[in-house]
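K.L.:
You'll find data38.json just under this line, and it carries JSON, C-alpha atoms.
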[["chain", "number", "residue", "atom", "x", "y", "z"],
["A", 1, "MET", "CA", 10.69, -84.52, 84.25],
["A", 2, "LEU", "CA", 13.09, -81.65, 84.91],
["A", 3, "LYS", "CA", 11.96, -79.22, 87.60],
["A", 4, "LYS", "CA", 12.86, -75.51, 87.43],
["A", 5, "ILE", "CA", 12.90, -73.29, 90.49],
["A", 6, "LEU", "CA", 13.47, -69.51, 90.43],
["A", 7, "ILE", "CA", 15.12, -68.16, 93.59],
["A", 8, "ALA", "CA", 15.09, -64.43, 94.29],
["A", 9, "VAL", "CA", 18.22, -63.53, 96.29],
["A", 10, "ASP", "CA", 19.72, -60.28, 97.55],
["A", 11, "GLY", "CA", 22.76, -61.32, 99.57],
["A", 12, "SER", "CA", 20.93, -61.03, 102.90],
["A", 13, "THR", "CA", 20.73, -63.55, 105.72],
["A", 14, "TYR", "CA", 17.30, -64.49, 104.41],
["A", 15, "SER", "CA", 18.81, -65.47, 101.06],
["A", 16, "THR", "CA", 21.38, -67.63, 102.84],
["A", 17, "HIS", "CA", 18.58, -69.40, 104.74],
["A", 18, "SER", "CA", 16.89, -70.08, 101.39],
["A", 19, "LEU", "CA", 20.04, -71.66, 99.93],
["A", 20, "ARG", "CA", 20.45, -73.91, 102.96],
["A", 21, "TYR", "CA", 16.82, -74.94, 102.68],
["A", 22, "LEU", "CA", 17.34, -75.94, 99.03],
["A", 23, "GLY", "CA", 20.50, -77.88, 99.83],
["A", 24, "GLN", "CA", 18.80, -79.75, 102.63],
["A", 25, "LEU", "CA", 15.86, -80.82, 100.48],
["A", 26, "PHE", "CA", 17.49, -81.43, 97.11],
["A", 27, "GLN", "CA", 21.09, -82.48, 97.64],
["A", 28, "HIS", "CA", 22.29, -85.07, 95.12],
["A", 29, "LEU", "CA", 19.01, -84.95, 93.13],
["A", 30, "PRO", "CA", 19.99, -84.15, 89.53],
["A", 31, "ASP", "CA", 16.51, -83.63, 88.04],
["A", 32, "ILE", "CA", 16.01, -80.18, 89.55],
["A", 33, "HIS", "CA", 17.59, -76.94, 88.32],
["A", 34, "PHE", "CA", 17.80, -73.58, 90.06],
["A", 35, "HIS", "CA", 18.03, -70.04, 88.73],
["A", 36, "LEU", "CA", 19.38, -67.57, 91.29],
["A", 37, "LEU", "CA", 18.16, -64.10, 90.34],
["A", 38, "SER", "CA", 19.30, -60.82, 91.90],
["A", 39, "LEU", "CA", 17.70, -57.58, 90.76],
["A", 40, "VAL", "CA", 19.06, -54.13, 91.60],
["A", 41, "PRO", "CA", 16.64, -51.18, 91.26],
["A", 42, "ALA", "CA", 17.58, -48.76, 88.47],
["A", 43, "SER", "CA", 16.22, -45.83, 90.42],
["A", 44, "SER", "CA", 17.95, -42.99, 88.58],
["A", 45, "ALA", "CA", 16.20, -43.43, 85.23],
["A", 46, "GLY", "CA", 12.70, -42.13, 84.60],
["A", 47, "SER", "CA", 9.88, -44.68, 84.71],
["A", 48, "THR", "CA", 9.10, -44.28, 81.00],
["A", 49, "ALA", "CA", 12.72, -44.55, 79.88],
["A", 50, "ARG", "CA", 13.36, -47.68, 81.90],
["A", 51, "ASP", "CA", 10.86, -49.65, 79.83],
["A", 52, "TRP", "CA", 12.71, -49.33, 76.53],
["A", 53, "LEU", "CA", 16.39, -48.93, 77.41],
["A", 54, "THR", "CA", 18.71, -51.90, 76.83],
["A", 55, "GLU", "CA", 20.64, -53.32, 79.78],
["A", 56, "ALA", "CA", 23.82, -51.53, 78.65],
["A", 57, "GLU", "CA", 21.97, -48.22, 78.16],
["A", 58, "LEU", "CA", 20.26, -48.57, 81.49],
["A", 59, "LEU", "CA", 23.60, -49.15, 83.19],
["A", 60, "ASN", "CA", 24.81, -45.79, 81.85],
["A", 61, "THR", "CA", 21.95, -43.99, 83.58],
["A", 62, "VAL", "CA", 22.50, -45.27, 87.13],
["A", 63, "ASN", "CA", 24.52, -43.68, 89.89],
["A", 64, "PRO", "CA", 27.80, -45.03, 91.36],
["A", 65, "ALA", "CA", 25.99, -46.49, 94.39],
["A", 66, "THR", "CA", 23.83, -48.65, 92.11],
["A", 67, "ARG", "CA", 26.90, -49.78, 90.14],
["A", 68, "ASN", "CA", 28.58, -50.72, 93.39],
["A", 69, "LEU", "CA", 25.53, -52.71, 94.48],
["A", 70, "LEU", "CA", 25.61, -54.62, 91.19],
["A", 71, "ALA", "CA", 29.25, -55.56, 91.85],
["A", 72, "VAL", "CA", 28.39, -56.67, 95.39],
["A", 73, "GLN", "CA", 25.54, -58.86, 94.13],
["A", 74, "LYS", "CA", 27.77, -60.49, 91.50],
["A", 75, "LYS", "CA", 30.28, -61.33, 94.23],
["A", 76, "TYR", "CA", 27.50, -62.77, 96.36],
["A", 77, "MET", "CA", 26.35, -64.97, 93.49],
["A", 78, "GLN", "CA", 29.74, -66.70, 93.43],
["A", 79, "GLN", "CA", 29.46, -67.26, 97.16],
["A", 80, "ALA", "CA", 25.94, -68.64, 96.66],
["A", 81, "MET", "CA", 27.21, -71.08, 94.04],
["A", 82, "ASP", "CA", 29.92, -72.24, 96.45],
["A", 83, "THR", "CA", 27.34, -72.66, 99.22],
["A", 84, "LEU", "CA", 25.05, -74.80, 97.07],
["A", 85, "ARG", "CA", 27.97, -76.91, 95.87],
["A", 86, "ARG", "CA", 28.99, -77.62, 99.47],
["A", 87, "LEU", "CA", 25.38, -78.59, 100.20],
["A", 88, "GLY", "CA", 25.31, -81.21, 97.45],
["A", 89, "ILE", "CA", 23.89, -79.25, 94.49],
["A", 90, "ALA", "CA", 25.97, -79.74, 91.35],
["A", 91, "GLU", "CA", 27.27, -76.65, 89.55],
["A", 92, "GLU", "CA", 25.50, -77.60, 86.31],
["A", 93, "GLN", "CA", 22.16, -77.48, 88.17],
["A", 94, "VAL", "CA", 22.52, -73.78, 88.98],
["A", 95, "HIS", "CA", 22.25, -70.71, 86.76],
["A", 96, "THR", "CA", 22.75, -67.20, 88.11],
["A", 97, "SER", "CA", 21.96, -63.71, 86.87],
["A", 98, "VAL", "CA", 22.41, -60.24, 88.31],
["A", 99, "ARG", "CA", 20.79, -57.37, 86.49],
["A", 100, "LEU", "CA", 19.11, -54.02, 86.86],
["A", 101, "SER", "CA", 15.39, -53.87, 87.50],
["A", 102, "PRO", "CA", 13.85, -51.41, 85.03],
["A", 103, "ARG", "CA", 10.47, -51.17, 86.78],
["A", 104, "SER", "CA", 10.18, -52.61, 90.30],
["A", 105, "VAL", "CA", 11.97, -55.60, 91.78],
["A", 106, "ALA", "CA", 8.73, -57.42, 92.66],
["A", 107, "HIS", "CA", 7.24, -56.80, 89.20],
["A", 108, "ASP", "CA", 10.36, -58.02, 87.41],
["A", 109, "ILE", "CA", 10.67, -61.15, 89.58],
["A", 110, "ILE", "CA", 7.06, -62.08, 88.78],
["A", 111, "HIS", "CA", 7.68, -61.38, 85.08],
["A", 112, "GLU", "CA", 10.74, -63.66, 85.09],
["A", 113, "ALA", "CA", 8.83, -66.44, 86.87],
["A", 114, "ARG", "CA", 6.05, -66.33, 84.29],
["A", 115, "GLN", "CA", 8.21, -65.91, 81.18],
["A", 116, "GLY", "CA", 10.58, -68.68, 82.24],
["A", 117, "LYS", "CA", 7.70, -71.04, 83.05],
["A", 118, "TYR", "CA", 9.23, -71.98, 86.38],
["A", 119, "ASP", "CA", 7.62, -74.66, 88.52],
["A", 120, "ALA", "CA", 8.02, -72.50, 91.63],
["A", 121, "LEU", "CA", 9.32, -69.13, 92.80],
["A", 122, "LEU", "CA", 11.24, -69.09, 96.09],
["A", 123, "ILE", "CA", 11.60, -65.94, 98.16],
["A", 124, "GLY", "CA", 13.00, -65.36, 101.64],
["A", 125, "ARG", "CA", 11.25, -63.00, 103.99],
["A", 126, "ARG", "CA", 11.42, -61.41, 107.40],
["A", 127, "GLY", "CA", 7.76, -61.88, 108.33],
["A", 128, "ILE", "CA", 5.01, -60.32, 106.26],
["A", 129, "GLY", "CA", 2.79, -59.60, 109.23],
["A", 130, "ARG", "CA", 5.37, -57.57, 111.16],
["A", 131, "LEU", "CA", 4.93, -53.84, 111.68],
["A", 132, "GLU", "CA", 7.81, -52.59, 109.52],
["A", 133, "GLU", "CA", 6.61, -54.49, 106.46],
["A", 134, "MET", "CA", 2.97, -53.50, 106.99],
["A", 135, "ILE", "CA", 4.06, -49.85, 106.91],
["A", 136, "MET", "CA", 6.87, -49.90, 104.34],
["A", 137, "GLY", "CA", 5.80, -52.75, 102.11],
["A", 138, "SER", "CA", 8.17, -55.44, 100.84],
["A", 139, "VAL", "CA", 9.11, -57.39, 97.75],
["A", 140, "SER", "CA", 7.83, -60.64, 99.26],
["A", 141, "ALA", "CA", 4.50, -59.12, 100.32],
["A", 142, "THR", "CA", 3.96, -57.65, 96.86],
["A", 143, "ILE", "CA", 4.75, -60.93, 95.16],
["A", 144, "LEU", "CA", 2.30, -62.75, 97.44],
["A", 145, "GLU", "CA", -0.40, -60.23, 96.61],
["A", 146, "LYS", "CA", 0.15, -60.13, 92.84],
["A", 147, "CYS", "CA", 1.40, -63.60, 91.85],
["A", 148, "HIS", "CA", -1.32, -66.25, 91.97],
["A", 149, "ASP", "CA", -0.36, -68.30, 88.92],
["A", 150, "VAL", "CA", 3.12, -69.50, 89.99],
["A", 151, "PRO", "CA", 3.62, -71.67, 93.11],
["A", 152, "LEU", "CA", 5.37, -69.61, 95.79],
["A", 153, "TRP", "CA", 7.83, -70.97, 98.35],
["A", 154, "ILE", "CA", 8.19, -68.52, 101.25],
["A", 155, "ILE", "CA", 11.19, -69.22, 103.49],
["A", 156, "ASP", "CA", 11.10, -67.67, 106.95],
["A", 157, "GLY", "CA", 14.16, -68.32, 109.13],
["A", 158, "GLN", "CA", 16.54, -71.25, 109.31],
["A", 159, "ILE", "CA", 14.80, -74.56, 108.67],
["A", 160, "ASN", "CA", 16.30, -77.95, 109.53],
["A", 161, "SER", "CA", 13.45, -80.39, 108.93],
["A", 162, "ARG", "CA", 12.53, -82.36, 105.80],
["A", 163, "ARG", "CA", 9.02, -83.05, 107.10],
["A", 164, "PHE", "CA", 6.03, -81.61, 105.22],
["A", 165, "LEU", "CA", 2.71, -80.71, 106.84],
["A", 166, "VAL", "CA", -0.14, -80.54, 104.33],
["A", 167, "PRO", "CA", -3.53, -79.26, 105.51],
["A", 168, "VAL", "CA", -6.41, -80.89, 103.61],
["A", 169, "ASP", "CA", -9.98, -79.66, 103.29],
["A", 170, "GLY", "CA", -11.46, -81.54, 100.33],
["A", 171, "THR", "CA", -11.23, -78.62, 97.91],
["A", 172, "CYS", "CA", -9.68, -78.53, 94.45],
["A", 173, "HIS", "CA", -7.20, -75.92, 95.75],
["A", 174, "SER", "CA", -5.97, -78.39, 98.34],
["A", 175, "LEU", "CA", -5.53, -81.21, 95.83],
["A", 176, "LYS", "CA", -3.69, -78.93, 93.40],
["A", 177, "ALA", "CA", -1.24, -78.06, 96.18],
["A", 178, "ILE", "CA", -0.67, -81.77, 96.80],
["A", 179, "ASP", "CA", -0.22, -82.36, 93.06],
["A", 180, "HIS", "CA", 2.55, -79.72, 93.06],
["A", 181, "LEU", "CA", 4.17, -81.31, 96.11],
["A", 182, "ALA", "CA", 4.04, -84.75, 94.49],
["A", 183, "PHE", "CA", 5.78, -83.45, 91.36],
["A", 184, "ILE", "CA", 8.55, -81.80, 93.35],
["A", 185, "ILE", "CA", 9.35, -84.53, 95.91],
["A", 186, "ALA", "CA", 8.43, -87.74, 94.06],
["A", 187, "ASP", "CA", 12.03, -89.01, 94.08],
["A", 188, "ASN", "CA", 13.16, -87.36, 97.32],
["A", 189, "PRO", "CA", 14.68, -90.07, 99.56],
["A", 190, "CYS", "CA", 14.30, -88.15, 102.84],
["A", 191, "ALA", "CA", 11.00, -86.26, 102.75],
["A", 192, "GLU", "CA", 8.03, -87.23, 104.91],
["A", 193, "VAL", "CA", 4.47, -85.99, 104.35],
["A", 194, "THR", "CA", 1.67, -85.68, 106.92],
["A", 195, "PHE", "CA", -1.85, -84.77, 105.83],
["A", 196, "PHE", "CA", -3.55, -82.68, 108.49],
["A", 197, "TYR", "CA", -7.21, -81.86, 109.04],
["A", 198, "SER", "CA", -8.45, -79.50, 111.74],
["A", 199, "LYS", "CA", -12.05, -79.69, 112.95],
["A", 200, "ALA", "CA", -11.61, -76.30, 114.61],
["A", 201, "LEU", "CA", -14.75, -74.21, 115.04],
["A", 202, "LEU", "CA", -13.94, -71.81, 112.20],
["A", 203, "GLY", "CA", -12.66, -74.53, 109.91],
["A", 204, "SER", "CA", -14.50, -75.94, 106.91],
["A", 205, "HIS", "CA", -16.38, -79.22, 107.08],
["A", 206, "PRO", "CA", -15.91, -80.60, 103.57],
["A", 207, "ARG", "CA", -18.42, -82.47, 101.49],
["A", 208, "ILE", "CA", -16.57, -83.75, 98.44],
["A", 209, "GLU", "CA", -18.36, -84.01, 95.11],
["A", 210, "PRO", "CA", -16.22, -85.97, 92.56],
["A", 211, "LYS", "CA", -17.79, -84.19, 89.56],
["A", 212, "ASP", "CA", -16.18, -80.95, 90.70],
["A", 213, "PHE", "CA", -12.75, -82.49, 90.08],
["A", 214, "TYR", "CA", -13.32, -84.16, 86.68],
["A", 215, "ALA", "CA", -11.72, -81.34, 84.69],
["A", 216, "VAL", "CA", -8.36, -81.75, 86.45],
["A", 217, "TRP", "CA", -8.06, -85.43, 87.36],
["A", 218, "GLY", "CA", -10.53, -87.11, 85.01],
["A", 219, "GLU", "CA", -13.78, -88.93, 85.72],
["A", 220, "GLU", "CA", -12.32, -92.40, 86.27],
["A", 221, "TRP", "CA", -9.74, -91.31, 88.84],
["A", 222, "CYS", "CA", -12.20, -89.07, 90.68],
["A", 223, "GLU", "CA", -14.90, -91.71, 90.91],
["A", 224, "GLU", "CA", -12.42, -94.26, 92.22],
["A", 225, "HIS", "CA", -10.67, -92.09, 94.79],
["A", 226, "LEU", "CA", -13.17, -89.37, 95.73],
["A", 227, "ARG", "CA", -16.26, -91.52, 96.37],
["A", 228, "ARG", "CA", -14.77, -93.25, 99.40],
["A", 229, "PRO", "CA", -15.75, -92.40, 103.00],
["A", 230, "ASP", "CA", -12.12, -91.57, 103.71],
["A", 231, "SER", "CA", -11.55, -89.57, 100.50],
["A", 232, "LEU", "CA", -10.42, -86.49, 102.47],
["A", 233, "PHE", "CA", -7.17, -88.34, 103.23],
["A", 234, "HIS", "CA", -7.22, -91.10, 100.62],
["A", 235, "ALA", "CA", -7.25, -88.89, 97.50],
["A", 236, "PRO", "CA", -4.25, -86.78, 98.59],
["A", 237, "ARG", "CA", -2.37, -89.94, 99.52],
["A", 238, "GLN", "CA", -3.17, -91.45, 96.12],
["A", 239, "ILE", "CA", -1.80, -88.41, 94.28],
["A", 240, "LEU", "CA", 1.52, -88.86, 96.07],
["A", 241, "VAL", "CA", 1.58, -92.63, 95.52],
["A", 242, "ASP", "CA", 0.74, -92.21, 91.82],
["A", 243, "SER", "CA", 3.77, -89.92, 91.51],
["A", 244, "GLY", "CA", 6.06, -92.61, 92.94],
["A", 245, "PHE", "CA", 6.37, -91.26, 96.47],
["A", 246, "PRO", "CA", 6.67, -94.14, 99.01],
["A", 247, "ALA", "CA", 3.45, -94.90, 100.90],
["A", 248, "GLU", "CA", 5.37, -95.69, 104.08],
["A", 249, "ARG", "CA", 6.43, -92.05, 104.34],
["A", 250, "ILE", "CA", 2.86, -90.69, 104.18],
["A", 251, "PHE", "CA", 0.94, -90.07, 107.42],
["A", 252, "ARG", "CA", -2.37, -88.54, 108.53],
["A", 253, "LEU", "CA", -3.39, -86.45, 111.52],
["A", 254, "GLU", "CA", -6.69, -84.99, 112.74],
["A", 255, "THR", "CA", -7.45, -82.61, 115.58],
["A", 256, "SER", "CA", -10.52, -80.92, 116.99],
["A", 257, "MET", "CA", -8.70, -78.52, 119.29],
["A", 258, "GLY", "CA", -8.85, -74.74, 119.05],
["A", 259, "ILE", "CA", -11.18, -72.41, 117.13],
["A", 260, "ASP", "CA", -8.98, -71.26, 114.25],
["A", 261, "PRO", "CA", -7.52, -73.79, 111.76],
["A", 262, "SER", "CA", -4.66, -71.43, 110.82],
["A", 263, "ARG", "CA", -3.42, -71.41, 114.42],
["A", 264, "GLN", "CA", -3.81, -75.17, 114.62],
["A", 265, "ILE", "CA", -1.70, -75.62, 111.51],
["A", 266, "LEU", "CA", 1.12, -73.50, 112.92],
["A", 267, "ARG", "CA", 0.85, -75.11, 116.35],
["A", 268, "GLN", "CA", 1.14, -78.57, 114.81],
["A", 269, "ALA", "CA", 4.13, -77.51, 112.72],
["A", 270, "LEU", "CA", 5.87, -76.26, 115.84],
["A", 271, "ILE", "CA", 5.04, -79.25, 118.06],
["A", 272, "ASP", "CA", 6.05, -81.94, 115.55],
["A", 273, "ASP", "CA", 8.97, -80.10, 113.90],
["A", 274, "PHE", "CA", 7.60, -79.76, 110.39],
["A", 275, "GLY", "CA", 9.90, -77.69, 108.20],
["A", 276, "THR", "CA", 7.43, -76.95, 105.40],
["A", 277, "ILE", "CA", 3.69, -76.28, 105.24],
["A", 278, "VAL", "CA", 2.05, -76.83, 101.83],
["A", 279, "MET", "CA", -1.26, -75.08, 101.15],
["A", 280, "GLY", "CA", -3.58, -74.20, 98.31],
["A", 281, "ARG", "CA", -5.25, -70.81, 98.03],
["A", 282, "ARG", "CA", -8.21, -69.43, 96.16],
["A", 283, "GLY", "CA", -7.83, -67.03, 93.26],
["A", 284, "GLU", "CA", -7.37, -63.33, 93.87],
["A", 285, "ALA", "CA", -10.88, -62.59, 92.58],
["A", 286, "VAL", "CA", -12.53, -64.79, 95.23],
["A", 287, "SER", "CA", -13.95, -62.97, 98.25],
["A", 288, "LYS", "CA", -12.47, -64.34, 101.47],
["A", 289, "GLY", "CA", -14.77, -62.67, 103.96],
["A", 290, "ILE", "CA", -13.98, -61.05, 107.28],
["A", 291, "PHE", "CA", -11.58, -63.79, 108.41],
["A", 292, "ARG", "CA", -9.74, -63.88, 105.07],
["A", 293, "GLY", "CA", -8.30, -67.17, 103.86],
["A", 294, "VAL", "CA", -6.60, -69.70, 106.10],
["A", 295, "SER", "CA", -3.44, -69.52, 103.97],
["A", 296, "ASP", "CA", -3.34, -65.71, 104.41],
["A", 297, "ARG", "CA", -3.50, -66.02, 108.18],
["A", 298, "VAL", "CA", -0.89, -68.77, 108.26],
["A", 299, "LEU", "CA", 1.46, -66.55, 106.26],
["A", 300, "GLN", "CA", 0.88, -63.60, 108.56],
["A", 301, "MET", "CA", 1.69, -65.56, 111.71],
["A", 302, "ALA", "CA", 4.33, -68.04, 110.53],
["A", 303, "GLU", "CA", 7.93, -67.89, 111.75],
["A", 304, "GLU", "CA", 10.86, -70.28, 111.29],
["A", 305, "VAL", "CA", 9.04, -72.39, 108.70],
["A", 306, "ALA", "CA", 8.76, -72.64, 104.92],
["A", 307, "ILE", "CA", 5.33, -72.22, 103.38],
["A", 308, "TRP", "CA", 4.46, -73.35, 99.87],
["A", 309, "ILE", "CA", 1.42, -71.55, 98.49],
["A", 310, "ILE", "CA", -0.15, -72.92, 95.32],
["A", 311, "GLY", "CA", -2.83, -70.85, 93.62]]
Can the structure from this file be put into structure tokens for me?
P.N.:
Amino acid sequence: MLKKILIAVDGSTYSTHSLRYLGQLFQHLPDIHFHLLSLVPASSAGSTARDWLTEAELLNTVNPATRNLLAVQKKYMQQAMDTLRRLGIAEEQVHTSVRLSPRSVAHDIIHEARQGKYDALLIGRRGIGRLEEMIMGSVSATILEKCHDVPLWIIDGQINSRRFLVPVDGTCHSLKAIDHLAFIIADNPCAEVTFFYSKALLGSHPRIEPKDFYAVWGEEWCEEHLRRPDSLFHAPRQILVDSGFPAERIFRLETSMGIDPSRQILRQALIDDFGTIVMGRRGEAVSKGIFRGVSDRVLQMAEEVAIWIIG
């Protein structure tokens, strides 16, 4: 099945890191297509007018600086195509578009991801927890806050590893994240996956009830794979194997060190050179308490790693 990934780019170093990440993971794999999207704010038009003007009409309302930025982004897109081609991504796998953003960049990226029914939205970032973004806000932070229905790939820094670290906790959110991972990397010849469980003091201690998973995976599969004593690791492994991912490249790891599972996840990623952390998260309406969700804390602290967040 063809996979479609939307990549928000802006010509920055962070966008270049994102392209290299894609090339490293998906070179010479023809069943995945990428849409590189660059949006330039149309700041000179009024907020009401921007909603109904055509692209050509909107272009007539912007100032010379915005027009110049559009030209710069179009030039960057050609460079991005060349970069991906050098990294082993065929030209026919890549579509690009540069256009004005009539509302806000974050809003329009989310709209594109939903309307295009993309399998994931990739964004580069400088570190959501850092002071300048806490004060000023950012496109990536807004997307993380508002977009819970499209899997998000957050790329922080330059990543050189094809190893995936997948925290498991026995919840439906965790298994849905693994289901997404299985779909994306089923035919990847280089990826390795390690399922990780932390018994840290503030971590969850799962008790899995198969009936809770019937609606997604069906009664027969759940009863077979979620009734086992080792279902915490077995069920995620089975999802990958069912997708065609080789069993010999699936590993498991447990630890009881530390008091905070989010710190343990990041520590393990650093120690064992994992390039990507894959996590599920609860819906935006779910109260996360004083400590917030583990995925939120991982995102706040993570550096030099990709994080896939599946809602």
K.L.:
Could you tell me how far CA of Gly170 (chain A) lies from CA of Arg207 (chain A), in Å and to one decimal?
P.N.:
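Answer for the CA of Gly170 (chain A) to CA of Arg207 (chain A) separation: 7.1 Å.
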K.L.:
For each of A:Ala141, A:Ala42, A:Ser231, A:Ile123, take the minimum atom-to-atom distance to Ala65 (chain A), counting all atoms listed in the file, then give the residue where this is smallest.
P.N.:
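Of A:Ala141, A:Ala42, A:Ser231, A:Ile123, the one nearest Ala65 (chain A), counting all atoms listed in the file, is A:Ala42.
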K.L.:
Excluding region 70-75 of chain A and residues on its chain fewer than 5 positions from it, collect all residues at most 8 Å away from it, counting only C-alpha atoms, and give them as a PDB file with C-alpha atoms, in the coordinates of the input.
P.N.:
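selection.pdb was written with the following content:
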ATOM      1  CA  ASP A  10      19.720 -60.280  97.550  1.00  0.00           C
ATOM      2  CA  GLY A  11      22.760 -61.320  99.570  1.00  0.00           C
ATOM      3  CA  SER A  38      19.300 -60.820  91.900  1.00  0.00           C
ATOM      4  CA  VAL A  40      19.060 -54.130  91.600  1.00  0.00           C
ATOM      5  CA  VAL A  98      22.410 -60.240  88.310  1.00  0.00           C
ATOM      6  CA  ARG A  99      20.790 -57.370  86.490  1.00  0.00           C
ATOM      7  CA  LEU A 100      19.110 -54.020  86.860  1.00  0.00           C
TER       8      LEU A 100
END
K.L.:
Extract, using only C-alpha atoms, all DNA, RNA and protein residues at most 10 Å from Thr171 (chain A), discarding same-chain residues fewer than 4 positions from it, and format them as a PDB file with C-alpha atoms, in the coordinates of the input.
P.N.:
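Dumped everything to selection-v4.pdb:
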ATOM      1  CA  LEU A 175      -5.530 -81.210  95.830  1.00  0.00           C
ATOM      2  CA  LYS A 176      -3.690 -78.930  93.400  1.00  0.00           C
ATOM      3  CA  SER A 204     -14.500 -75.940 106.910  1.00  0.00           C
ATOM      4  CA  PRO A 206     -15.910 -80.600 103.570  1.00  0.00           C
ATOM      5  CA  ARG A 207     -18.420 -82.470 101.490  1.00  0.00           C
ATOM      6  CA  ILE A 208     -16.570 -83.750  98.440  1.00  0.00           C
ATOM      7  CA  GLU A 209     -18.360 -84.010  95.110  1.00  0.00           C
ATOM      8  CA  ASP A 212     -16.180 -80.950  90.700  1.00  0.00           C
ATOM      9  CA  PHE A 213     -12.750 -82.490  90.080  1.00  0.00           C
ATOM     10  CA  LEU A 232     -10.420 -86.490 102.470  1.00  0.00           C
ATOM     11  CA  GLY A 280      -3.580 -74.200  98.310  1.00  0.00           C
ATOM     12  CA  ARG A 281      -5.250 -70.810  98.030  1.00  0.00           C
ATOM     13  CA  ARG A 282      -8.210 -69.430  96.160  1.00  0.00           C
TER      14      ARG A 282
END
K.L.:
Which residue is closest to Arg163 (chain A)? Choose from A:Ser101, A:Gln268, A:Asn63, A:Thr255 and count all atoms listed in the file.
P.N.:
A:Gln268
K.L.:
Quick one: pull the distance between CA of Thr16 (chain A) and CA of Tyr76 (chain A), Å, one decimal.
P.N.:
10.2 Å
K.L.:
Which value, in Å to one decimal, gives the distance between CA of Ser295 (chain A) and CA of Ala215 (chain A)?
P.N.:
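Result for CA of Ser295 (chain A) versus CA of Ala215 (chain A): 24.1 Å, one decimal.
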K.L.:
Within 9 Å of Gly88 (chain A), counting only C-alpha atoms, which residues show up once you throw out same-chain ones fewer than 6 positions away? Write them as JSON, numbers by chain, please.
P.N.:
{"A": [23, 24, 26, 27, 28, 29]}
K.L.:
Within 12 Å of region 299-305 of chain A, counting all atoms listed in the file, which residues qualify if same-chain residues fewer than 2 places away don't, as a PyMOL selection string?
P.N.:
chain A and resi 14+17-18+21+124-131+133-134+140-141+144-145+152-165+262-270+273-279+281+292-297+307-309
K.L.:
Counting only C-alpha atoms, what is within 9 Å of Asn188 (chain A), bar same-chain residues fewer than 3 positions away, as a list in words?
P.N.:
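Answer for this query is Leu25, Phe26, Leu29, Ile184, Ile185, Ala191 and Phe245 of chain A.
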K.L.:
Keeping only C-alpha atoms, write those residues as a PDB file, in the coordinates of the input.
P.N.:
ATOM      1  CA  LEU A  25      15.860 -80.820 100.480  1.00  0.00           C
ATOM      2  CA  PHE A  26      17.490 -81.430  97.110  1.00  0.00           C
ATOM      3  CA  LEU A  29      19.010 -84.950  93.130  1.00  0.00           C
ATOM      4  CA  ILE A 184       8.550 -81.800  93.350  1.00  0.00           C
ATOM      5  CA  ILE A 185       9.350 -84.530  95.910  1.00  0.00           C
ATOM      6  CA  ALA A 191      11.000 -86.260 102.750  1.00  0.00           C
ATOM      7  CA  PHE A 245       6.370 -91.260  96.470  1.00  0.00           C
TER       8      PHE A 245
END
K.L.:
Please tell me which residues are no farther than 12 Å from (4.9, -83.9, 94.6) in the file, counting only C-alpha atoms, and write them as a PyMOL selection string.
P.N.:
chain A and resi 1+3+119+164+166+175-188+191-193+236-246+250+278+308
K.L.:
Show me a table, sorted first by chain and then by increasing residue number, of the residues of region 147-251 of chain A having an atom at most 12 Å from region 111-115 of chain A, each with its shortest atom pair and the distance in Å to one decimal, counting only C-alpha atoms and written as a tab-separated table.
P.N.:
residue	atom	partner	partner_atom	distance
A:Cys147	CA	A:Arg114	CA	9.3
A:His148	CA	A:Arg114	CA	10.6
A:Asp149	CA	A:Arg114	CA	8.1
A:Val150	CA	A:Arg114	CA	7.2
A:Pro151	CA	A:Ala113	CA	9.7
A:Leu152	CA	A:Ala113	CA	10.1
